[in-house]
>>> print(open('target13.cif').read())   # mmCIF, C-alpha atoms
data_data
loop_
_atom_site.label_atom_id
_atom_site.label_comp_id
_atom_site.auth_asym_id
_atom_site.auth_seq_id
_atom_site.Cartn_x
_atom_site.Cartn_y
_atom_site.Cartn_z
CA MET A 732 -9.20 33.45 -12.65
CA LYS A 733 -12.84 32.48 -13.21
CA ARG A 734 -14.11 29.36 -11.49
CA ARG A 735 -15.36 27.98 -14.81
CA GLU A 736 -11.90 28.24 -16.34
CA PHE A 737 -10.32 26.62 -13.29
CA ASN A 738 -12.77 23.72 -13.39
CA ARG A 739 -11.97 23.18 -17.07
CA ALA A 740 -8.32 22.99 -16.13
CA LEU A 741 -9.00 20.43 -13.43
CA LEU A 742 -10.95 18.32 -15.89
CA GLY A 743 -8.00 18.36 -18.30
CA LEU A 744 -9.90 20.33 -20.97
CA PRO A 745 -8.12 22.74 -23.33
CA LEU A 746 -7.49 26.26 -22.09
CA ALA A 747 -7.01 29.20 -24.40
CA ALA A 748 -4.73 30.70 -21.77
CA ALA A 749 -2.32 27.77 -21.85
CA LEU A 750 1.16 28.47 -23.10
CA PRO A 751 2.09 25.86 -25.73
CA GLY A 752 5.69 25.98 -26.81
CA MET A 753 6.86 27.87 -23.73
CA SER A 754 10.11 26.44 -22.44
CA PHE A 755 9.95 24.79 -19.06
CA SER A 756 12.58 27.14 -17.68
CA ASN A 757 10.62 30.22 -18.70
CA ALA A 758 7.34 28.82 -17.51
CA LEU A 759 8.47 27.71 -14.08
CA ALA A 760 11.50 29.82 -13.16
CA GLU A 761 10.79 31.24 -9.74
CA ASP A 762 13.14 29.79 -7.18
CA VAL A 763 16.72 29.26 -6.06
CA SER A 764 18.47 25.94 -5.78
CA ILE A 765 17.77 23.89 -2.64
CA ASP A 766 20.57 21.88 -1.07
CA VAL A 767 19.12 18.76 0.56
CA PRO A 768 21.62 16.75 2.66
CA GLY A 769 22.66 13.62 0.79
CA GLY A 770 24.51 10.43 1.48
CA SER A 771 23.32 7.01 0.32
CA ILE A 772 21.52 4.01 1.76
CA THR A 773 24.65 2.06 0.75
CA ASP A 774 26.47 3.87 3.55
CA VAL A 775 24.85 1.20 5.73
CA PRO A 776 27.37 -1.69 5.73
CA GLY A 777 26.01 -4.86 4.17
CA LEU A 778 23.88 -3.23 1.48
CA LYS A 779 24.33 -2.83 -2.26
CA VAL A 780 22.04 -1.00 -4.68
CA GLY A 781 21.61 -1.69 -8.39
CA HIS A 782 19.40 -0.03 -10.99
CA HIS A 783 18.28 -1.19 -14.40
CA THR A 784 16.54 1.35 -16.63
CA LEU A 785 14.50 0.77 -19.79
CA THR A 786 15.09 4.09 -21.48
CA GLU A 787 12.71 3.36 -24.36
CA ARG A 788 9.59 3.89 -22.20
CA PRO A 789 10.99 4.95 -19.59
CA THR A 790 10.67 2.58 -16.65
CA GLY A 791 12.93 0.35 -14.60
CA CYS A 792 13.68 -1.39 -11.33
CA THR A 793 15.97 -1.00 -8.34
CA VAL A 794 17.32 -3.77 -6.11
CA LEU A 795 18.75 -3.58 -2.59
CA LEU A 796 20.98 -6.60 -2.10
CA CYS A 797 21.61 -7.86 1.44
CA GLU A 798 24.30 -10.45 0.74
CA ASN A 799 24.51 -11.59 4.37
CA GLY A 800 20.79 -11.19 4.93
CA ALA A 801 18.95 -8.45 6.80
CA VAL A 802 16.18 -8.50 9.39
CA ALA A 803 13.24 -6.72 7.79
CA GLY A 804 9.86 -5.18 8.45
CA VAL A 805 7.37 -3.40 6.21
CA ASP A 806 4.51 -0.94 6.50
CA VAL A 807 1.98 -0.32 3.70
CA ARG A 808 -0.10 2.85 4.05
CA GLY A 809 -1.49 3.60 0.59
CA SER A 810 -4.78 2.06 -0.55
CA ALA A 811 -3.60 0.88 -3.98
CA PRO A 812 -0.51 -1.21 -3.20
CA GLY A 813 1.25 -3.74 -5.38
CA THR A 814 3.54 -5.96 -3.32
CA ARG A 815 5.14 -9.39 -3.05
CA GLU A 816 6.18 -11.32 0.08
CA THR A 817 5.06 -8.61 2.49
CA ASP A 818 3.00 -11.11 4.52
CA LEU A 819 6.22 -12.97 5.25
CA LEU A 820 7.51 -9.85 7.03
CA ASN A 821 4.65 -9.86 9.53
CA PRO A 822 6.30 -10.23 12.97
CA ILE A 823 4.18 -13.29 13.80
CA ASN A 824 5.58 -15.20 10.80
CA SER A 825 8.73 -17.27 10.94
CA VAL A 826 11.26 -16.08 8.36
CA ASP A 827 12.96 -12.96 9.72
CA LYS A 828 15.68 -12.23 7.16
CA VAL A 829 15.51 -11.11 3.56
CA ASN A 830 18.17 -11.38 0.85
CA ALA A 831 16.97 -8.47 -1.26
CA ILE A 832 14.28 -5.83 -1.63
CA VAL A 833 12.99 -4.84 -5.05
CA LEU A 834 11.41 -1.51 -6.03
CA SER A 835 9.99 -1.44 -9.56
CA GLY A 836 7.97 0.49 -12.07
CA GLY A 837 5.49 -1.20 -14.38
CA SER A 838 2.60 -1.60 -11.95
CA ALA A 839 1.77 -5.22 -11.08
CA TYR A 840 3.72 -6.39 -14.13
CA GLY A 841 6.85 -5.08 -12.44
CA LEU A 842 6.56 -7.63 -9.63
CA ASP A 843 8.07 -10.08 -12.11
CA THR A 844 11.45 -8.39 -11.53
CA ALA A 845 11.70 -10.19 -8.18
CA THR A 846 11.84 -13.51 -10.06
CA GLY A 847 15.02 -12.38 -11.79
CA VAL A 848 16.47 -11.27 -8.48
CA MET A 849 15.71 -14.71 -7.05
CA ARG A 850 17.52 -16.34 -9.95
CA TYR A 851 20.60 -14.21 -9.34
CA LEU A 852 20.59 -14.96 -5.62
CA GLU A 853 20.12 -18.71 -6.17
CA GLU A 854 23.09 -18.71 -8.54
CA HIS A 855 25.14 -17.11 -5.76
CA LYS A 856 23.75 -19.51 -3.12
CA MET A 857 22.07 -16.75 -1.11
CA GLY A 858 18.70 -17.51 0.46
CA TYR A 859 16.79 -19.49 3.05
CA PRO A 860 18.58 -22.85 3.29
CA ILE A 861 16.72 -26.03 2.40
CA PRO A 862 18.91 -28.90 3.67
CA SER A 863 20.35 -31.13 0.92
CA LEU A 864 18.46 -29.19 -1.77
CA GLY A 865 19.64 -25.60 -1.95
CA VAL A 866 18.28 -22.18 -1.02
CA VAL A 867 15.09 -20.20 -1.47
CA PRO A 868 15.93 -16.48 -1.81
CA ILE A 869 13.62 -14.20 0.18
CA VAL A 870 12.83 -11.18 -1.99
CA PRO A 871 9.97 -8.86 -0.98
CA ALA A 872 9.02 -6.30 -3.62
CA ALA A 873 6.81 -3.26 -4.19
CA ILE A 874 5.81 -1.51 -7.40
CA LEU A 875 4.64 1.88 -8.59
CA ILE A 876 2.48 2.52 -11.64
CA ASP A 877 4.14 4.49 -14.44
CA LEU A 878 2.33 2.88 -17.39
CA TRP A 879 0.79 6.10 -18.74
CA ILE A 880 4.15 7.40 -19.98
CA GLY A 881 5.01 5.90 -23.36
CA ASP A 882 4.37 2.36 -24.59
CA PHE A 883 2.12 0.47 -22.16
CA LYS A 884 3.61 -2.84 -23.33
CA ILE A 885 7.12 -1.97 -22.11
CA ARG A 886 7.55 -2.81 -18.44
CA PRO A 887 10.28 -4.29 -16.24
CA SER A 888 10.68 -8.06 -16.39
CA ALA A 889 12.54 -10.80 -14.55
CA GLU A 890 15.53 -10.23 -16.83
CA ASP A 891 15.63 -6.58 -15.76
CA GLY A 892 15.63 -7.61 -12.11
CA TYR A 893 18.58 -9.89 -12.81
CA LYS A 894 20.47 -7.09 -14.56
CA ALA A 895 19.85 -4.76 -11.60
CA CYS A 896 21.55 -7.35 -9.37
CA VAL A 897 24.54 -7.55 -11.71
CA ALA A 898 24.82 -3.75 -11.52
CA ALA A 899 24.52 -3.66 -7.71
CA SER A 900 27.33 -1.92 -5.86
CA SER A 901 28.16 -0.58 -2.42
CA SER A 902 29.11 2.73 -4.06
CA PRO A 903 26.75 5.71 -3.58
CA ALA A 904 23.47 4.88 -5.32
CA GLU A 905 22.66 6.85 -8.47
CA GLU A 906 19.70 9.22 -8.14
CA GLY A 907 17.20 10.79 -10.50
CA CYS A 908 15.41 9.16 -13.43
CA VAL A 909 16.92 5.72 -13.11
CA GLY A 910 15.68 2.33 -11.98
CA ALA A 911 12.32 2.43 -10.23
CA GLY A 912 12.34 6.24 -10.56
CA ALA A 913 12.71 6.29 -14.35
CA GLY A 914 9.00 6.84 -14.98
CA ALA A 915 8.06 8.44 -11.68
CA THR A 916 5.97 11.63 -11.66
CA VAL A 917 4.34 13.81 -8.99
CA GLY A 918 1.56 16.39 -8.70
CA LYS A 919 -1.26 14.42 -10.31
CA MET A 920 -4.23 15.43 -8.18
CA PHE A 921 -5.52 17.44 -11.15
CA GLY A 922 -4.60 14.93 -13.82
CA PRO A 923 -1.32 14.06 -15.60
CA LYS A 924 -1.52 17.17 -17.80
CA PHE A 925 -0.21 19.29 -14.91
CA ALA A 926 2.24 16.76 -13.42
CA MET A 927 6.02 17.03 -13.06
CA LYS A 928 8.87 14.55 -13.35
CA SER A 929 10.29 12.94 -10.25
CA GLY A 930 12.68 10.05 -9.75
CA ILE A 931 14.52 8.10 -7.09
CA GLY A 932 16.50 9.65 -4.24
CA THR A 933 18.65 8.45 -1.38
CA ALA A 934 20.14 9.89 1.81
CA SER A 935 21.88 8.80 4.99
CA VAL A 936 22.90 10.04 8.43
CA LYS A 937 25.87 9.05 10.56
CA VAL A 938 24.66 9.56 14.11
CA GLY A 939 27.30 11.50 16.05
CA ASP A 940 30.23 9.33 17.10
CA THR A 941 28.05 6.30 17.88
CA GLY A 942 28.89 4.41 14.69
CA ILE A 943 25.16 4.20 13.94
CA ILE A 944 24.14 4.78 10.33
CA VAL A 945 20.58 5.19 9.04
CA GLY A 946 19.87 5.40 5.31
CA ALA A 947 16.85 5.69 3.04
CA ILE A 948 15.91 5.34 -0.61
CA ALA A 949 12.62 6.31 -2.26
CA ALA A 950 11.08 6.16 -5.72
CA VAL A 951 8.62 9.04 -5.62
CA ASN A 952 5.56 8.70 -7.85
CA ALA A 953 3.04 10.55 -5.71
CA ALA A 954 -0.39 11.95 -6.45
CA GLY A 955 0.46 14.88 -4.20
CA ASP A 956 3.04 17.67 -4.26
CA VAL A 957 6.60 17.30 -2.95
CA PHE A 958 7.78 19.81 -0.35
CA TYR A 959 11.22 20.68 0.98
CA PRO A 960 10.81 19.50 4.59
CA GLU A 961 12.86 22.32 6.14
CA THR A 962 10.75 25.13 4.64
CA GLN A 963 7.53 23.40 3.53
CA LYS A 964 7.98 25.03 0.14
CA ILE A 965 6.80 23.06 -2.90
CA ILE A 966 9.69 21.85 -5.05
CA ALA A 967 7.69 19.69 -7.48
CA GLY A 968 3.97 19.21 -7.91
CA ALA A 969 0.81 20.12 -9.78
CA ARG A 970 1.59 23.06 -12.05
CA SER A 971 -0.56 26.08 -12.67
CA GLU A 972 -2.63 25.85 -15.84
CA TYR A 973 -0.95 29.07 -16.98
CA GLY A 974 2.48 27.44 -16.76
CA LYS A 975 3.75 29.64 -13.93
CA GLY A 976 4.46 28.08 -10.56
CA PHE A 977 2.41 25.56 -8.60
CA ARG A 978 -1.25 25.22 -7.73
CA ASN A 979 -0.62 23.84 -4.21
CA SER A 980 -2.91 20.83 -4.40
CA MET A 981 -4.07 20.88 -0.79
CA THR A 982 -4.90 24.60 -0.90
CA GLN A 983 -7.09 24.03 -3.96
CA ILE A 984 -8.76 21.01 -2.38
CA LEU A 985 -9.47 22.96 0.80
CA ASN A 986 -10.98 25.71 -1.33
CA GLY A 987 -13.47 23.21 -2.68
CA TYR A 988 -12.32 22.84 -6.26
CA ARG A 989 -13.19 19.63 -8.01
CA VAL A 990 -10.42 17.03 -8.35
CA VAL A 991 -10.19 14.65 -11.29
CA LYS A 992 -10.36 11.04 -10.23
CA SER A 993 -7.18 9.11 -10.91
CA VAL A 994 -6.84 5.52 -12.11
CA GLY A 995 -4.13 4.86 -9.55
CA SER A 996 -1.07 6.05 -11.49
CA ASN A 997 0.80 6.89 -8.31
CA THR A 998 2.63 5.35 -5.31
CA THR A 999 5.82 6.16 -3.42
CA ILE A 1000 7.91 3.12 -2.52
CA GLY A 1001 11.11 2.98 -0.56
CA ALA A 1002 13.23 1.50 2.19
CA VAL A 1003 15.12 2.59 5.28
CA ALA A 1004 18.09 0.72 6.69
CA THR A 1005 20.41 0.74 9.68
CA ASN A 1006 23.46 -1.16 10.90
CA VAL A 1007 21.94 -1.45 14.39
CA PRO A 1008 20.69 -4.95 15.27
CA PHE A 1009 16.92 -5.10 15.73
CA ASN A 1010 14.34 -7.90 15.51
CA LYS A 1011 11.51 -8.08 12.99
CA THR A 1012 8.93 -6.52 15.31
CA GLN A 1013 11.23 -3.57 15.94
CA MET A 1014 11.97 -3.15 12.23
CA THR A 1015 8.24 -3.08 11.55
CA LYS A 1016 7.91 -0.19 13.99
CA ILE A 1017 10.78 1.65 12.29
CA ALA A 1018 9.03 1.18 8.93
CA GLN A 1019 5.89 2.71 10.46
CA MET A 1020 7.77 5.70 11.83
CA ALA A 1021 9.57 6.23 8.53
CA HIS A 1022 6.21 7.01 6.92
CA ASP A 1023 6.35 10.31 8.82
CA GLY A 1024 9.10 11.21 6.35
CA TYR A 1025 6.61 10.76 3.50
CA ALA A 1026 4.07 12.91 5.32
CA ARG A 1027 6.59 15.74 5.83
CA THR A 1028 7.44 15.92 2.14
CA ILE A 1029 4.36 14.76 0.20
CA ASN A 1030 0.89 16.29 0.49
CA PRO A 1031 -1.60 14.71 0.13
CA ILE A 1032 -0.11 11.30 0.92
CA HIS A 1033 -1.52 7.78 1.50
CA THR A 1034 -4.52 8.43 -0.77
CA MET A 1035 -6.87 5.90 -2.33
CA TYR A 1036 -4.72 6.15 -5.48
CA ASP A 1037 -1.33 5.58 -3.83
CA GLY A 1038 0.21 2.29 -2.73
CA ASP A 1039 2.76 3.89 -0.42
CA THR A 1040 5.08 1.27 1.06
CA ILE A 1041 8.26 1.36 3.16
CA PHE A 1042 10.54 -1.57 3.94
CA ALA A 1043 12.93 -1.38 6.91
CA LEU A 1044 16.20 -3.33 7.04
CA SER A 1045 18.70 -4.07 9.79
CA THR A 1046 22.04 -5.46 8.67
CA GLY A 1047 23.14 -5.69 12.32
CA THR A 1048 26.82 -5.11 11.57
CA LEU A 1049 27.23 -2.71 14.52
CA LYS A 1050 27.07 -4.57 17.83
CA VAL A 1051 25.46 -1.89 19.92
CA GLU A 1052 22.09 -1.45 21.62
CA ALA A 1053 20.13 1.58 20.42
CA GLU A 1054 16.85 3.20 21.37
CA LEU A 1055 14.21 2.02 18.91
CA SER A 1056 12.21 5.26 18.98
CA ALA A 1057 15.31 7.33 18.28
CA ILE A 1058 16.26 5.23 15.25
CA GLY A 1059 12.67 5.39 13.97
CA ALA A 1060 12.66 9.16 14.33
CA ILE A 1061 15.97 9.42 12.46
CA ALA A 1062 14.60 7.13 9.75
CA ALA A 1063 11.73 9.58 9.19
CA VAL A 1064 14.18 12.48 8.78
CA VAL A 1065 16.36 10.57 6.34
CA MET A 1066 13.35 9.35 4.36
CA ALA A 1067 12.08 12.93 4.02
CA ARG A 1068 15.46 13.90 2.59
CA ALA A 1069 15.42 10.96 0.17
CA VAL A 1070 11.97 12.00 -1.11
CA ALA A 1071 13.09 15.61 -1.63
CA ARG A 1072 16.23 14.44 -3.43
CA ALA A 1073 14.11 12.27 -5.73
CA ALA A 1074 12.45 15.47 -6.92
CA ILE A 1075 15.51 17.71 -7.17
CA GLN A 1076 17.65 15.08 -8.93
CA ALA A 1077 15.04 14.32 -11.60
CA THR A 1078 15.35 15.49 -15.21
CA SER A 1079 12.52 16.56 -17.48
CA LEU A 1080 10.75 14.58 -20.20
CA PRO A 1081 9.81 17.26 -22.77
CA LYS A 1082 8.38 14.62 -25.11
CA PHE A 1083 5.65 13.95 -22.55
CA GLY A 1084 5.30 17.53 -21.32
CA LEU A 1085 6.87 16.76 -17.95
CA PRO A 1086 9.22 19.41 -16.54
CA ALA A 1087 11.41 18.79 -13.49
CA TYR A 1088 12.66 20.84 -10.55
CA ARG A 1089 15.88 21.64 -12.43
CA ASP A 1090 13.88 23.47 -15.10
CA TYR A 1091 12.92 26.28 -12.74
CA VAL A 1092 16.02 26.71 -10.63
CA LYS A 1093 17.58 30.13 -11.29
#
>>> encode(input="target13.cif", output="structure tokens")
Amino acid sequence: MKRREFNRALLGLPLAAALPGMSFSNALAEDVSIDVPGGSITDVPGLKVGHHTLTERPTGCTVLLCENGAVAGVDVRGSAPGTRETDLLNPINSVDKVNAIVLSGGSAYGLDTATGVMRYLEEHKMGYPIPSLGVVPIVPAAILIDLWIGDFKIRPSAEDGYKACVAASSSPAEEGCVGAGAGATVGKMFGPKFAMKSGIGTASVKVGDTGIIVGAIAAVNAAGDVFYPETQKIIAGARSEYGKGFRNSMTQILNGYRVVKSVGSNTTIGAVATNVPFNKTQMTKIAQMAHDGYARTINPIHTMYDGDTIFALSTGTLKVEAELSAIGAIAAVVMARAVARAAIQATSLPKFGLPAYRDYVK
């Protein structure tokens, strides 16, 4: 391929060699199905997950309910974050338990979903107690930007956050293009024209016969490509301009090709959880270590156009002492699986020219 043609592709300009009308399956078919270990973050006792999806755009939000409270930490690595109540989770600050975590689409508008979650929790008398007055629910939140797909004016609201709480269950969390993953896409280092559909994924591990459980959930809306962590093979990412296979974003960047600047339409947000009791400082460290799971499955990650954030929760239902570093390392493994599952469980959006992993599995 000539460099001039490749540069036109990176700039999003028309290519005579493009293949309009080619079915996604014909354009991308090149691989066999990958079986990523599953499970659900709801396998951790004390957690419920609920999604609410606005199918007309699409976008949505996801809530993790901690009905008995959970000790929490957070780590923000991307340079374009959108968050709420993350300062409260700093280990030097006083409140150490949260009642819910919200993940949402809609960019900064989506932070409004946490208000609906607060309303639900107040109605159910769950929150930080204020003597003789009531409770103040503690609801940290993080958002991803999915506004470029469909009607910009449609984004998750407080009412959608409330509905996600109503839908919350301790059953295995639904994966794919639901909730915060409804509008998620990946592989945007060369512009949205070559992107693919992603979604939300979850996974868990039961650690031997210890009774310890570690789970993760992630809404994957990355600028970079998603890799299967066991093989480092791309499973979703920036597509070739000829419609066959993947570019491999980092290979192209290392070769010196120009990259289109993004407006920040990215960000992977998620949470890890365990039933082991830890304090807020320890949960902050686990959140930090869990980012290794992002790095094993997304490349590039933590860019100027991502707001990558991970919350870490301890429900403390298992009365056992565990090695912090071991739980953090397990959290990274489980998070990597959740990210990969977000890609393989997604479904395509032909209307917007966004194929998914399922479209090229033989």
>>> resolve_selection(input="target13.cif", expression="the PyMOL selection byres ((chain A and resi 1000-1008) around 8)", output="VMD selection string")
chain A and resid 772 775 to 776 834 873 to 875 943 to 951 998 to 999 1009 to 1010 1018 1021 1038 to 1053 1062 1066
>>> residues_around(input="target13.cif", residues="A:Ala1077", least_positions_apart="3", cutoff="6 Å", atoms="all atoms listed in the file", output="VMD selection string")
chain A and resid 907 to 908 929 to 930 1074
>>> closest_residue(input="target13.cif", among="A:Pro871, A:Gly777, A:Pro768, A:Gly791", to="A:Asp818", atoms="all atoms listed in the file")
A:Pro871
>>> residues_around(input="target13.cif", residues="A:Gly881", least_positions_apart="4", cutoff="12 Å", atoms="all atoms listed in the file", output="list in words")
Leu785, Thr786, Glu787, Arg788, Pro789, Thr790, Gly837, Asp877, Ile885, Arg886, Ala913, Gly914, Leu1080, Lys1082, Phe1083 and Gly1084 of chain A
>>> closest_residue(input="target13.cif", among="A:Gly769, A:Gly836, A:Gly841, A:Gly800", to="A:Ser888", atoms="all atoms listed in the file")
A:Gly841
>>> closest_residue(input="target13.cif", among="A:Ala1060, A:Ile880, A:Ala934, A:Val780", to="A:Ala1073", atoms="all atoms listed in the file")
A:Ala934
>>> resolve_selection(input="target13.cif", expression="the PyMOL selection byres ((chain A and resi 793) around 8)", output="VMD selection string")
chain A and resid 780 to 783 791 to 792 794 to 795 833 to 835 892 895 910 to 911
>>> atom_distance(input="target13.cif", atom1="atom CA of A:Arg815", atom2="atom CA of A:Thr773")
22.9 Å
